[in-house]
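Trainee: Take a look at entry.tsv, TSV, C-alpha atoms:
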```
chain	number	residue	atom	x	y	z
A	3	ALA	CA	34.66	-43.52	23.22
A	4	GLN	CA	38.27	-44.63	23.74
A	5	VAL	CA	38.18	-43.77	27.45
A	6	GLU	CA	34.88	-45.59	27.88
A	7	LYS	CA	36.38	-48.61	26.13
A	8	ALA	CA	39.43	-48.49	28.45
A	9	VAL	CA	37.23	-48.29	31.55
A	10	ARG	CA	35.09	-51.21	30.41
A	11	LYS	CA	38.17	-53.31	29.61
A	12	ALA	CA	39.86	-52.60	32.96
A	13	THR	CA	36.76	-53.67	34.89
A	14	ALA	CA	36.18	-56.71	32.67
A	15	ASP	CA	39.78	-57.87	33.08
A	16	GLU	CA	40.57	-56.93	36.68
A	17	VAL	CA	37.39	-56.24	38.67
A	18	MET	CA	34.55	-58.50	37.64
A	19	PRO	CA	36.56	-61.78	37.63
A	20	ARG	CA	37.28	-61.07	41.35
A	21	TRP	CA	33.75	-60.02	42.31
A	22	ARG	CA	32.38	-62.57	44.81
A	23	GLN	CA	35.64	-64.53	44.31
A	24	LEU	CA	38.00	-62.65	46.68
A	25	GLY	CA	40.23	-64.62	49.04
A	26	ASP	CA	40.90	-63.33	52.56
A	27	ASP	CA	44.47	-62.53	51.56
A	28	GLU	CA	43.18	-60.26	48.75
A	29	VAL	CA	41.51	-57.70	51.08
A	30	VAL	CA	43.52	-55.32	53.26
A	31	GLN	CA	42.41	-52.59	55.69
A	32	LYS	CA	43.97	-49.17	55.10
A	33	SER	CA	42.95	-46.61	57.75
A	34	GLY	CA	40.26	-48.79	59.34
A	35	PRO	CA	37.49	-51.36	58.77
A	36	HIS	CA	35.57	-49.03	56.44
A	37	ASP	CA	38.65	-48.21	54.34
A	38	LEU	CA	39.54	-51.33	52.39
A	39	VAL	CA	41.68	-52.14	49.40
A	40	THR	CA	41.59	-55.32	47.33
A	41	VAL	CA	43.75	-56.80	44.64
A	42	ALA	CA	41.01	-55.75	42.20
A	43	ASP	CA	41.50	-52.06	43.15
A	44	GLN	CA	45.24	-52.30	42.67
A	45	ARG	CA	45.20	-54.19	39.38
A	46	ALA	CA	42.41	-52.10	37.85
A	47	GLU	CA	44.24	-48.89	38.73
A	48	GLU	CA	47.46	-50.20	37.17
A	49	HIS	CA	45.52	-51.17	34.04
A	50	LEU	CA	43.82	-47.76	33.78
A	51	THR	CA	47.01	-45.84	34.52
A	52	HIS	CA	48.72	-47.50	31.57
A	53	ALA	CA	45.73	-47.21	29.20
A	54	LEU	CA	44.84	-43.58	29.99
A	55	SER	CA	48.44	-42.37	29.84
A	56	GLU	CA	48.73	-43.84	26.35
A	57	LEU	CA	45.48	-42.17	25.22
A	58	LEU	CA	46.73	-38.70	26.18
A	59	PRO	CA	50.52	-38.34	25.99
A	60	GLY	CA	51.84	-35.87	28.55
A	61	SER	CA	48.98	-36.53	30.96
A	62	VAL	CA	49.45	-37.80	34.52
A	63	VAL	CA	47.32	-40.10	36.64
A	64	VAL	CA	46.19	-39.47	40.22
A	65	GLY	CA	44.75	-42.75	41.46
A	66	GLU	CA	43.54	-43.64	44.92
A	67	GLU	CA	45.95	-46.53	45.43
A	68	ALA	CA	48.98	-44.71	43.98
A	69	VAL	CA	48.36	-41.77	46.32
A	70	HIS	CA	47.98	-44.14	49.28
A	71	ALA	CA	51.41	-45.58	48.43
A	72	LYS	CA	52.99	-42.19	47.61
A	73	PRO	CA	50.98	-39.18	48.90
A	74	ALA	CA	53.03	-36.65	46.89
A	75	THR	CA	51.35	-38.00	43.73
A	76	TYR	CA	48.30	-35.89	44.69
A	77	GLU	CA	50.29	-32.71	43.98
A	78	ALA	CA	49.74	-33.30	40.25
A	79	LEU	CA	46.31	-31.69	40.76
A	80	HIS	CA	48.15	-28.37	41.21
A	81	GLY	CA	50.25	-28.80	38.05
A	82	ASP	CA	49.83	-27.77	34.41
A	83	ALA	CA	49.52	-31.24	32.87
A	84	PRO	CA	46.13	-32.83	32.16
A	85	VAL	CA	45.27	-35.17	35.05
A	86	TRP	CA	43.32	-38.41	34.96
A	87	ILE	CA	41.67	-38.89	38.37
A	88	VAL	CA	40.93	-42.56	38.99
A	89	ASP	CA	39.03	-44.53	41.62
A	90	PRO	CA	39.33	-48.12	40.37
A	91	VAL	CA	36.67	-49.52	42.71
A	92	ASP	CA	34.51	-46.92	44.44
A	93	GLY	CA	32.42	-48.70	47.05
A	94	THR	CA	35.07	-51.27	47.98
A	95	ARG	CA	33.06	-52.34	51.07
A	96	GLN	CA	30.11	-53.19	48.83
A	97	PHE	CA	32.44	-54.96	46.37
A	98	VAL	CA	33.99	-57.04	49.16
A	99	ARG	CA	30.54	-58.00	50.45
A	100	GLY	CA	29.55	-59.20	46.97
A	101	GLU	CA	26.95	-56.45	46.49
A	102	GLU	CA	26.29	-54.65	43.20
A	103	GLY	CA	26.70	-51.08	44.50
A	104	PHE	CA	30.24	-50.29	43.37
A	105	CYS	CA	31.65	-48.46	40.36
A	106	THR	CA	34.78	-47.31	38.58
A	107	LEU	CA	35.30	-43.55	38.39
A	108	VAL	CA	37.48	-41.68	35.91
A	109	ALA	CA	37.68	-37.91	35.43
A	110	LEU	CA	39.92	-35.75	33.26
A	111	ALA	CA	40.89	-32.41	34.75
A	112	ARG	CA	43.23	-29.51	34.03
A	113	PHE	CA	43.97	-26.36	36.02
A	114	GLY	CA	41.55	-27.51	38.71
A	115	GLU	CA	38.61	-27.88	36.32
A	116	VAL	CA	36.99	-31.22	35.52
A	117	LEU	CA	36.59	-31.52	31.74
A	118	ALA	CA	35.01	-34.97	31.38
A	119	SER	CA	33.94	-37.88	33.55
A	120	TRP	CA	33.02	-41.54	33.37
A	121	THR	CA	31.03	-43.44	36.03
A	122	TYR	CA	30.74	-47.16	35.29
A	123	ALA	CA	28.88	-49.66	37.49
A	124	PRO	CA	29.83	-53.00	35.90
A	125	ALA	CA	27.61	-55.23	38.05
A	126	LEU	CA	24.64	-53.03	37.13
A	127	ASP	CA	25.83	-52.50	33.53
A	128	VAL	CA	25.38	-48.72	33.82
A	129	MET	CA	27.67	-46.11	32.21
A	130	ALA	CA	27.22	-42.38	32.88
A	131	THR	CA	29.40	-39.79	31.15
A	132	ALA	CA	29.66	-36.02	31.25
A	133	ARG	CA	31.56	-33.32	29.36
A	134	ARG	CA	32.00	-29.79	30.62
A	135	ARG	CA	29.37	-27.65	28.89
A	136	GLY	CA	28.45	-30.74	26.87
A	137	GLY	CA	25.78	-32.33	29.06
A	138	ALA	CA	25.46	-35.66	30.84
A	139	LEU	CA	24.48	-39.04	29.45
A	140	LEU	CA	23.33	-42.30	31.02
A	141	ASP	CA	23.84	-45.23	28.67
A	142	GLY	CA	23.75	-42.76	25.78
A	143	GLU	CA	20.52	-40.99	26.87
A	144	ALA	CA	20.46	-37.38	28.10
A	145	LEU	CA	20.48	-37.15	31.90
A	146	ARG	CA	18.52	-34.45	33.75
A	147	SER	CA	18.42	-34.12	37.53
A	148	GLY	CA	15.19	-32.09	37.70
A	149	SER	CA	14.07	-30.58	41.02
A	150	PRO	CA	12.74	-32.12	44.23
A	151	GLU	CA	8.98	-32.36	44.51
A	152	PRO	CA	7.67	-29.28	46.42
A	153	GLY	CA	6.77	-30.18	49.98
A	154	ALA	CA	8.24	-33.70	49.80
A	155	PRO	CA	10.94	-34.70	52.31
A	156	LEU	CA	14.46	-34.01	51.05
A	157	ARG	CA	16.28	-37.32	50.48
A	158	VAL	CA	19.96	-36.92	51.35
A	159	ALA	CA	22.93	-39.33	51.50
A	160	THR	CA	25.61	-38.34	54.03
A	161	SER	CA	29.16	-39.28	55.03
A	162	HIS	CA	29.81	-42.29	57.21
A	163	PRO	CA	30.53	-41.07	60.80
A	164	ASP	CA	33.98	-42.73	60.66
A	165	PHE	CA	35.05	-40.08	58.17
A	166	THR	CA	33.87	-37.00	60.09
A	167	THR	CA	35.44	-34.68	62.66
A	168	GLU	CA	33.40	-33.43	65.63
A	169	GLU	CA	32.73	-30.13	63.88
A	170	GLN	CA	31.60	-31.93	60.71
A	171	LYS	CA	29.34	-34.22	62.76
A	172	ARG	CA	27.65	-31.12	64.20
A	173	ALA	CA	27.17	-29.68	60.72
A	174	LEU	CA	25.64	-32.93	59.48
A	175	LEU	CA	23.29	-32.92	62.48
A	176	GLY	CA	21.72	-29.88	60.81
A	177	LEU	CA	20.16	-32.36	58.38
A	178	ARG	CA	18.33	-34.13	61.22
A	179	THR	CA	15.38	-31.83	60.99
A	180	GLU	CA	11.80	-31.95	59.81
A	181	GLY	CA	11.50	-32.24	56.05
A	182	VAL	CA	14.86	-33.98	55.55
A	183	GLU	CA	15.47	-37.73	55.33
A	184	PRO	CA	19.22	-38.36	55.73
A	185	ARG	CA	20.78	-41.80	55.32
A	186	PRO	CA	24.36	-43.10	55.25
A	187	CYS	CA	25.95	-43.03	51.79
A	188	GLY	CA	27.10	-46.03	49.82
A	189	SER	CA	29.48	-45.66	46.87
A	190	ALA	CA	30.02	-41.90	46.42
A	191	GLY	CA	30.04	-42.27	42.64
A	192	LEU	CA	26.67	-44.03	42.62
A	193	GLU	CA	25.18	-41.47	45.04
A	194	TYR	CA	26.20	-38.69	42.63
A	195	LEU	CA	24.60	-40.67	39.81
A	196	ALA	CA	21.41	-40.96	41.87
A	197	VAL	CA	21.35	-37.16	42.25
A	198	ALA	CA	22.03	-36.66	38.52
A	199	ARG	CA	19.12	-38.93	37.59
A	200	GLY	CA	16.76	-37.49	40.23
A	201	GLY	CA	16.53	-40.55	42.46
A	202	LEU	CA	18.22	-38.71	45.35
A	203	ASP	CA	17.87	-35.01	46.16
A	204	ALA	CA	21.33	-34.25	47.56
A	205	VAL	CA	24.54	-35.58	49.08
A	206	ALA	CA	26.54	-34.14	51.99
A	207	PHE	CA	30.14	-35.33	52.23
A	208	SER	CA	32.85	-34.49	54.74
A	209	TRP	CA	35.94	-35.78	52.95
A	210	GLU	CA	37.43	-34.28	49.80
A	211	ALA	CA	39.52	-36.96	48.03
A	212	ALA	CA	39.35	-35.97	44.37
A	213	TRP	CA	38.89	-39.54	43.08
A	214	ASP	CA	35.61	-39.88	44.99
A	215	HIS	CA	34.13	-36.56	43.84
A	216	ALA	CA	35.57	-35.27	40.56
A	217	ALA	CA	33.51	-37.48	38.23
A	218	GLY	CA	30.27	-37.11	40.19
A	219	LEU	CA	30.44	-33.35	40.64
A	220	LEU	CA	30.74	-32.83	36.88
A	221	LEU	CA	27.98	-35.39	36.23
A	222	VAL	CA	25.59	-33.58	38.58
A	223	ALA	CA	26.50	-30.15	37.20
A	224	GLU	CA	25.98	-31.21	33.59
A	225	ALA	CA	22.65	-32.87	34.50
A	226	GLY	CA	21.45	-29.49	35.82
A	227	GLY	CA	22.45	-29.74	39.47
A	228	ALA	CA	24.69	-27.60	41.67
A	229	SER	CA	27.26	-27.94	44.46
A	230	ALA	CA	28.80	-25.82	47.22
A	231	THR	CA	30.84	-26.16	50.39
A	232	VAL	CA	29.56	-25.27	53.86
A	233	ALA	CA	31.28	-21.88	53.34
A	234	ASP	CA	29.01	-21.45	50.27
A	235	GLU	CA	32.02	-21.61	47.94
A	236	PRO	CA	32.71	-23.79	44.89
A	237	PHE	CA	34.39	-27.13	45.69
A	238	ARG	CA	38.13	-26.99	44.94
A	239	LEU	CA	39.42	-30.17	43.35
A	240	ALA	CA	42.92	-29.97	44.85
A	241	GLY	CA	41.58	-29.64	48.40
A	242	GLY	CA	41.49	-27.10	51.20
A	243	ASN	CA	37.70	-26.92	51.20
A	244	ALA	CA	35.46	-25.93	54.09
A	245	LEU	CA	33.63	-29.16	54.90
A	246	PRO	CA	31.07	-30.68	54.64
A	247	PHE	CA	30.02	-29.87	51.07
A	248	THR	CA	26.91	-30.71	49.10
A	249	ALA	CA	25.80	-31.53	45.58
A	250	ALA	CA	22.10	-31.33	44.81
A	251	ARG	CA	19.56	-31.68	42.02
A	252	ASP	CA	19.22	-27.92	41.54
A	253	ALA	CA	20.71	-24.64	42.79
A	254	ALA	CA	17.85	-23.94	45.19
A	255	THR	CA	18.33	-27.31	46.90
A	256	ALA	CA	22.10	-26.75	47.13
A	257	ARG	CA	21.45	-23.39	48.85
A	258	ARG	CA	18.98	-25.05	51.23
A	259	MET	CA	21.55	-27.75	52.04
A	260	VAL	CA	24.27	-25.17	52.78
A	261	GLY	CA	21.87	-23.38	55.12
A	262	LEU	CA	21.05	-26.60	56.98
A	263	LEU	CA	24.72	-27.55	57.32
A	264	ARG	CA	25.65	-24.09	58.58
A	265	ALA	CA	22.80	-24.19	61.10
A	266	GLY	CA	24.14	-27.48	62.45
A	267	ARG	CA	27.53	-25.94	63.22
```
So, in terms of structure tokens, how does the structure I just supplied come out?
Mentor:
Amino acid sequence: AQVEKAVRKATADEVMPRWRQLGDDEVVQKSGPHDLVTVADQRAEEHLTHALSELLPGSVVVGEEAVHAKPATYEALHGDAPVWIVDPVDGTRQFVRGEEGFCTLVALARFGEVLASWTYAPALDVMATARRRGGALLDGEALRSGSPEPGAPLRVATSHPDFTTEEQKRALLGLRTEGVEPRPCGSAGLEYLAVARGGLDAVAFSWEAAWDHAAGLLLVAEAGGASATVADEPFRLAGGNALPFTAARDAATARRMVGLLRAGR
């Protein structure tokens, strides 16, 4: 409850007052036009870093903007201390455009295992939480991913081409086949939520930044779903994964996705 309160306060103080109110000088490109940072990202991460560190003394924070400024910060994922993994505004492009499809992601991990996660979409007023071996909740109600309807096309959200190597592009082309309906992904956190609630059958992503995936992977798993890399291995939080990887509504769909991605390569 305290983490949820901290997440809600950070977005209320630093994100929502800037939604649809950003000045041109408050948006900066990082690696390219699809990789943006705003003053809302920076301030919300600072807010959460302070609040979460106080809630769990001895913990460290790995946040997207801190790692961008100082890449060595990411090494904390290999350490012994509990790690808060923070994406202050996931879906920054949508946020900058004034759309509702963005969220704040927080996960707590230790020894490479995600223990709890929070996915909060403030413009939609949606909060999803998960605890390892404790289930997933959406606004306090139990969340179950279910299974895709037999015979129906598989609905899949995939990485933006800007974030894929040639080999990964070939793997993702494996999804361009009969019985699969791929589309470009929006906010990763909200795509994971869509899988966890059964509105999307699977995701296929080709980048492995922990802040984009930690919260969603636990949410999907605790809702009954499954995930695997293209090498058919569990996703490793600290990196070094064979890519792309998938998360899906059930284990059978995850296996089918791995087969399709491998066929593409």
Trainee: For stretch 250-260 of chain A, I'd like the enclosing box, axis-aligned and padded by 4 Å on every side, reported as AutoDock Vina command-line options with centre and edge lengths in Å to one decimal.
Mentor:
```
--center_x 21.1 --center_y -27.5 --center_z 47.2 --size_x 14.4 --size_y 16.3 --size_z 19.2
```
Trainee: At a cut-off of 10 Å, can you tabulate as a Markdown table every residue of stretch 61-138 of chain A near stretch 198-212 of chain A together with its closest atom pair and the distance in Å to one decimal, using all atoms listed in the file and ordering rows by chain then number?
Mentor:
```
| residue | atom | partner | partner_atom | distance |
| --- | --- | --- | --- | --- |
| A:Val64 | CA | A:Ala212 | CA | 8.7 |
| A:Gly65 | CA | A:Ala212 | CA | 9.1 |
| A:Glu66 | CA | A:Ala211 | CA | 8.4 |
| A:Tyr76 | CA | A:Ala212 | CA | 9.0 |
| A:Leu79 | CA | A:Ala212 | CA | 8.9 |
| A:Ile87 | CA | A:Ala212 | CA | 7.1 |
| A:Val88 | CA | A:Ala212 | CA | 8.7 |
| A:Asp89 | CA | A:Ala212 | CA | 9.0 |
| A:Ala109 | CA | A:Ala212 | CA | 9.3 |
| A:Ala130 | CA | A:Ala198 | CA | 9.6 |
| A:Ala138 | CA | A:Ala198 | CA | 8.5 |
```
Trainee: Identify, on the basis of only C-alpha atoms, every residue whose closest approach to A:Gly148 does not exceed 9 Å; exclude the query and any residue fewer than 2 positions from it along the same chain; express the result as JSON, numbers by chain.
Mentor: {"A": [146, 150, 198, 199, 200, 225, 226, 227, 251, 252]}
Trainee: Go through A:Val41, A:Leu245, A:Val5, A:Ala12 one by one, measure the shortest atom-to-atom distance of each to A:Leu54 using all atoms listed in the file, and give the residue with the smallest value.
Mentor: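 Closest to A:Leu54, using all atoms listed in the file: A:Val5.
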Trainee: Just give me the gap between atom CA of A:Gly176 and atom CA of A:Thr255 in Å, one decimal is fine.
Mentor: 14.5 Å
Trainee: Which polymer residues have any atom within 7 Å of an atom of A:Val116, counting all atoms listed in the file, with same-chain residues fewer than 3 positions away left out, as JSON, numbers by chain?
Mentor: {"A": [109, 110, 111, 112, 216, 220]}
Trainee: So, counting only C-alpha atoms, which residue among A:Gly60, A:Gly191, A:Pro90, A:Gly242 is closest to A:Gly103?
Mentor: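 Under the stated criterion, the closest residue is A:Gly191.
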Trainee: Could you list, as a PDB file with C-alpha atoms, in the frame of the given file, every residue within 8 Å of A:Val260, counting all atoms listed in the file and ignoring same-chain residues fewer than 6 positions away?
Mentor:
```pdb
ATOM      1  CA  ALA A 230      28.800 -25.820  47.220  1.00  0.00           C
ATOM      2  CA  THR A 231      30.840 -26.160  50.390  1.00  0.00           C
ATOM      3  CA  VAL A 232      29.560 -25.270  53.860  1.00  0.00           C
ATOM      4  CA  ALA A 233      31.280 -21.880  53.340  1.00  0.00           C
ATOM      5  CA  ASP A 234      29.010 -21.450  50.270  1.00  0.00           C
ATOM      6  CA  PHE A 247      30.020 -29.870  51.070  1.00  0.00           C
ATOM      7  CA  THR A 248      26.910 -30.710  49.100  1.00  0.00           C
TER       8      THR A 248
END
```
Trainee: What is the distance, in Å and to one decimal place, between atom CA of A:Asp214 and atom CA of A:Pro84?
Mentor: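 Between these atoms lies a distance of 18.0 Å.
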Trainee: Please compute the atom CA of A:Arg267-atom CA of A:Ala249 distance, one decimal, in Å.
Mentor: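 A separation of 18.6 Å between them.
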Trainee: Mind listing whatever residues come within 12 Å of the point (40.9, -57.0, 31.7)? Use only C-alpha atoms, file coordinates, and give them as a PDB file with C-alpha atoms, in the coordinates of the input.
Mentor:
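out-v5.pdb, freshly written:
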```
ATOM      1  CA  LYS A   7      36.380 -48.610  26.130  1.00  0.00           C
ATOM      2  CA  ALA A   8      39.430 -48.490  28.450  1.00  0.00           C
ATOM      3  CA  VAL A   9      37.230 -48.290  31.550  1.00  0.00           C
ATOM      4  CA  ARG A  10      35.090 -51.210  30.410  1.00  0.00           C
ATOM      5  CA  LYS A  11      38.170 -53.310  29.610  1.00  0.00           C
ATOM      6  CA  ALA A  12      39.860 -52.600  32.960  1.00  0.00           C
ATOM      7  CA  THR A  13      36.760 -53.670  34.890  1.00  0.00           C
ATOM      8  CA  ALA A  14      36.180 -56.710  32.670  1.00  0.00           C
ATOM      9  CA  ASP A  15      39.780 -57.870  33.080  1.00  0.00           C
ATOM     10  CA  GLU A  16      40.570 -56.930  36.680  1.00  0.00           C
ATOM     11  CA  VAL A  17      37.390 -56.240  38.670  1.00  0.00           C
ATOM     12  CA  MET A  18      34.550 -58.500  37.640  1.00  0.00           C
ATOM     13  CA  PRO A  19      36.560 -61.780  37.630  1.00  0.00           C
ATOM     14  CA  ARG A  20      37.280 -61.070  41.350  1.00  0.00           C
ATOM     15  CA  ALA A  42      41.010 -55.750  42.200  1.00  0.00           C
ATOM     16  CA  ARG A  45      45.200 -54.190  39.380  1.00  0.00           C
ATOM     17  CA  ALA A  46      42.410 -52.100  37.850  1.00  0.00           C
ATOM     18  CA  GLU A  47      44.240 -48.890  38.730  1.00  0.00           C
ATOM     19  CA  GLU A  48      47.460 -50.200  37.170  1.00  0.00           C
ATOM     20  CA  HIS A  49      45.520 -51.170  34.040  1.00  0.00           C
ATOM     21  CA  LEU A  50      43.820 -47.760  33.780  1.00  0.00           C
ATOM     22  CA  ALA A  53      45.730 -47.210  29.200  1.00  0.00           C
TER      23      ALA A  53
END
```
Trainee: Between A:Val98, A:Gly261, A:Leu195, A:Trp86, which residue has the minimum interatomic distance to A:Leu117, considering all atoms listed in the file?
Mentor: A:Trp86
Trainee: Using all atoms listed in the file, what table do you get, as JSON lines, when you list each residue of stretch 195-265 of chain A with an atom no more than 10 Å from stretch 131-136 of chain A, its nearest pair of atoms, and their distance in Å rounded to one decimal, rows by chain then rising number?
Mentor:
```
{"residue": "A:Leu195", "atom": "CA", "partner": "A:Thr131", "partner_atom": "CA", "distance": 9.9}
{"residue": "A:Ala217", "atom": "CA", "partner": "A:Ala132", "partner_atom": "CA", "distance": 8.1}
{"residue": "A:Gly218", "atom": "CA", "partner": "A:Ala132", "partner_atom": "CA", "distance": 9.0}
{"residue": "A:Leu219", "atom": "CA", "partner": "A:Ala132", "partner_atom": "CA", "distance": 9.8}
{"residue": "A:Leu220", "atom": "CA", "partner": "A:Ala132", "partner_atom": "CA", "distance": 6.6}
{"residue": "A:Leu221", "atom": "CA", "partner": "A:Ala132", "partner_atom": "CA", "distance": 5.3}
{"residue": "A:Val222", "atom": "CA", "partner": "A:Ala132", "partner_atom": "CA", "distance": 8.7}
{"residue": "A:Ala223", "atom": "CA", "partner": "A:Arg134", "partner_atom": "CA", "distance": 8.6}
{"residue": "A:Glu224", "atom": "CA", "partner": "A:Ala132", "partner_atom": "CA", "distance": 6.5}
{"residue": "A:Ala225", "atom": "CA", "partner": "A:Ala132", "partner_atom": "CA", "distance": 8.3}
```
Trainee: Measuring atom to atom with only C-alpha atoms, identify which of A:Glu193, A:Asp141, A:Glu6, A:Asp82 is nearest to A:Phe104.
Mentor: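 Residue with the minimum atom-to-atom distance to A:Phe104: A:Glu193.
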Trainee: Can you pull out every residue within 8 Å of A:His80, counting all atoms listed in the file, but drop anything in the same chain fewer than 4 positions away, and send it as a ChimeraX atom specification?
Mentor: /A:113-114,240
Trainee: Take the residues just selected and output them with C-alpha atoms as a PDB file, keeping the file's coordinate frame.
Mentor:
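out.pdb was written with the following content:
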```pdb
ATOM      1  CA  PHE A 113      43.970 -26.360  36.020  1.00  0.00           C
ATOM      2  CA  GLY A 114      41.550 -27.510  38.710  1.00  0.00           C
ATOM      3  CA  ALA A 240      42.920 -29.970  44.850  1.00  0.00           C
TER       4      ALA A 240
END
```
Trainee: Quick one: everything within 8 Å of A:Ala78, counting all atoms listed in the file, minus sequence neighbours fewer than 4 positions away in the same chain. Send it as an MDAnalysis selection string.
Mentor: chainID A and resid 62 64 83 85
Trainee: Given all atoms listed in the file as the basis, pick out the residue of A:Trp213, A:Trp21, A:Trp120, A:Phe97 nearest to A:Gly188.
Mentor: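 Ranked by minimum distance to A:Gly188, first place goes to A:Phe97.
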Trainee: Can you put N, CA, C and O atoms back into stretch 233-245 of chain A and show it as a PDB file, in the coordinates of the input?
Mentor:
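Now in selection20.pdb:
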```
ATOM      1  N   ALA A 233      30.969 -23.316  53.374  1.00  0.00           N
ATOM      2  CA  ALA A 233      31.280 -21.880  53.340  1.00  0.00           C
ATOM      3  C   ALA A 233      30.589 -21.194  52.161  1.00  0.00           C
ATOM      4  O   ALA A 233      30.828 -20.016  51.902  1.00  0.00           O
ATOM      5  N   ASP A 234      29.740 -21.952  51.449  1.00  0.00           N
ATOM      6  CA  ASP A 234      29.010 -21.450  50.270  1.00  0.00           C
ATOM      7  C   ASP A 234      29.981 -21.032  49.165  1.00  0.00           C
ATOM      8  O   ASP A 234      29.788 -20.017  48.496  1.00  0.00           O
ATOM      9  N   GLU A 235      31.027 -21.838  48.987  1.00  0.00           N
ATOM     10  CA  GLU A 235      32.020 -21.610  47.940  1.00  0.00           C
ATOM     11  C   GLU A 235      32.051 -22.811  46.998  1.00  0.00           C
ATOM     12  O   GLU A 235      31.656 -23.911  47.392  1.00  0.00           O
ATOM     13  N   PRO A 236      32.556 -22.641  45.775  1.00  0.00           N
ATOM     14  CA  PRO A 236      32.710 -23.790  44.890  1.00  0.00           C
ATOM     15  C   PRO A 236      33.712 -24.791  45.484  1.00  0.00           C
ATOM     16  O   PRO A 236      34.662 -24.393  46.164  1.00  0.00           O
ATOM     17  N   PHE A 237      33.478 -26.074  45.235  1.00  0.00           N
ATOM     18  CA  PHE A 237      34.390 -27.130  45.690  1.00  0.00           C
ATOM     19  C   PHE A 237      35.686 -27.039  44.892  1.00  0.00           C
ATOM     20  O   PHE A 237      35.677 -26.980  43.666  1.00  0.00           O
ATOM     21  N   ARG A 238      36.815 -27.034  45.600  1.00  0.00           N
ATOM     22  CA  ARG A 238      38.130 -26.990  44.940  1.00  0.00           C
ATOM     23  C   ARG A 238      38.687 -28.406  44.842  1.00  0.00           C
ATOM     24  O   ARG A 238      38.868 -29.086  45.860  1.00  0.00           O
ATOM     25  N   LEU A 239      38.998 -28.802  43.635  1.00  0.00           N
ATOM     26  CA  LEU A 239      39.420 -30.170  43.350  1.00  0.00           C
ATOM     27  C   LEU A 239      40.675 -30.560  44.124  1.00  0.00           C
ATOM     28  O   LEU A 239      40.799 -31.680  44.618  1.00  0.00           O
ATOM     29  N   ALA A 240      41.628 -29.647  44.234  1.00  0.00           N
ATOM     30  CA  ALA A 240      42.920 -29.970  44.850  1.00  0.00           C
ATOM     31  C   ALA A 240      42.871 -29.957  46.369  1.00  0.00           C
ATOM     32  O   ALA A 240      43.851 -30.294  47.027  1.00  0.00           O
ATOM     33  N   GLY A 241      41.724 -29.569  46.953  1.00  0.00           N
ATOM     34  CA  GLY A 241      41.580 -29.640  48.400  1.00  0.00           C
ATOM     35  C   GLY A 241      41.564 -28.287  49.078  1.00  0.00           C
ATOM     36  O   GLY A 241      41.553 -27.238  48.430  1.00  0.00           O
ATOM     37  N   GLY A 242      41.549 -28.325  50.424  1.00  0.00           N
ATOM     38  CA  GLY A 242      41.490 -27.100  51.200  1.00  0.00           C
ATOM     39  C   GLY A 242      40.092 -26.524  51.311  1.00  0.00           C
ATOM     40  O   GLY A 242      39.923 -25.326  51.526  1.00  0.00           O
ATOM     41  N   ASN A 243      39.086 -27.379  51.151  1.00  0.00           N
ATOM     42  CA  ASN A 243      37.700 -26.920  51.200  1.00  0.00           C
ATOM     43  C   ASN A 243      37.171 -26.843  52.630  1.00  0.00           C
ATOM     44  O   ASN A 243      37.575 -27.616  53.491  1.00  0.00           O
ATOM     45  N   ALA A 244      36.235 -25.909  52.855  1.00  0.00           N
ATOM     46  CA  ALA A 244      35.460 -25.930  54.090  1.00  0.00           C
ATOM     47  C   ALA A 244      34.472 -27.082  53.972  1.00  0.00           C
ATOM     48  O   ALA A 244      33.768 -27.203  52.974  1.00  0.00           O
ATOM     49  N   LEU A 245      34.446 -27.948  54.977  1.00  0.00           N
ATOM     50  CA  LEU A 245      33.630 -29.160  54.900  1.00  0.00           C
ATOM     51  C   LEU A 245      32.597 -29.177  56.025  1.00  0.00           C
ATOM     52  O   LEU A 245      32.825 -28.590  57.077  1.00  0.00           O
TER      53      LEU A 245
END
```
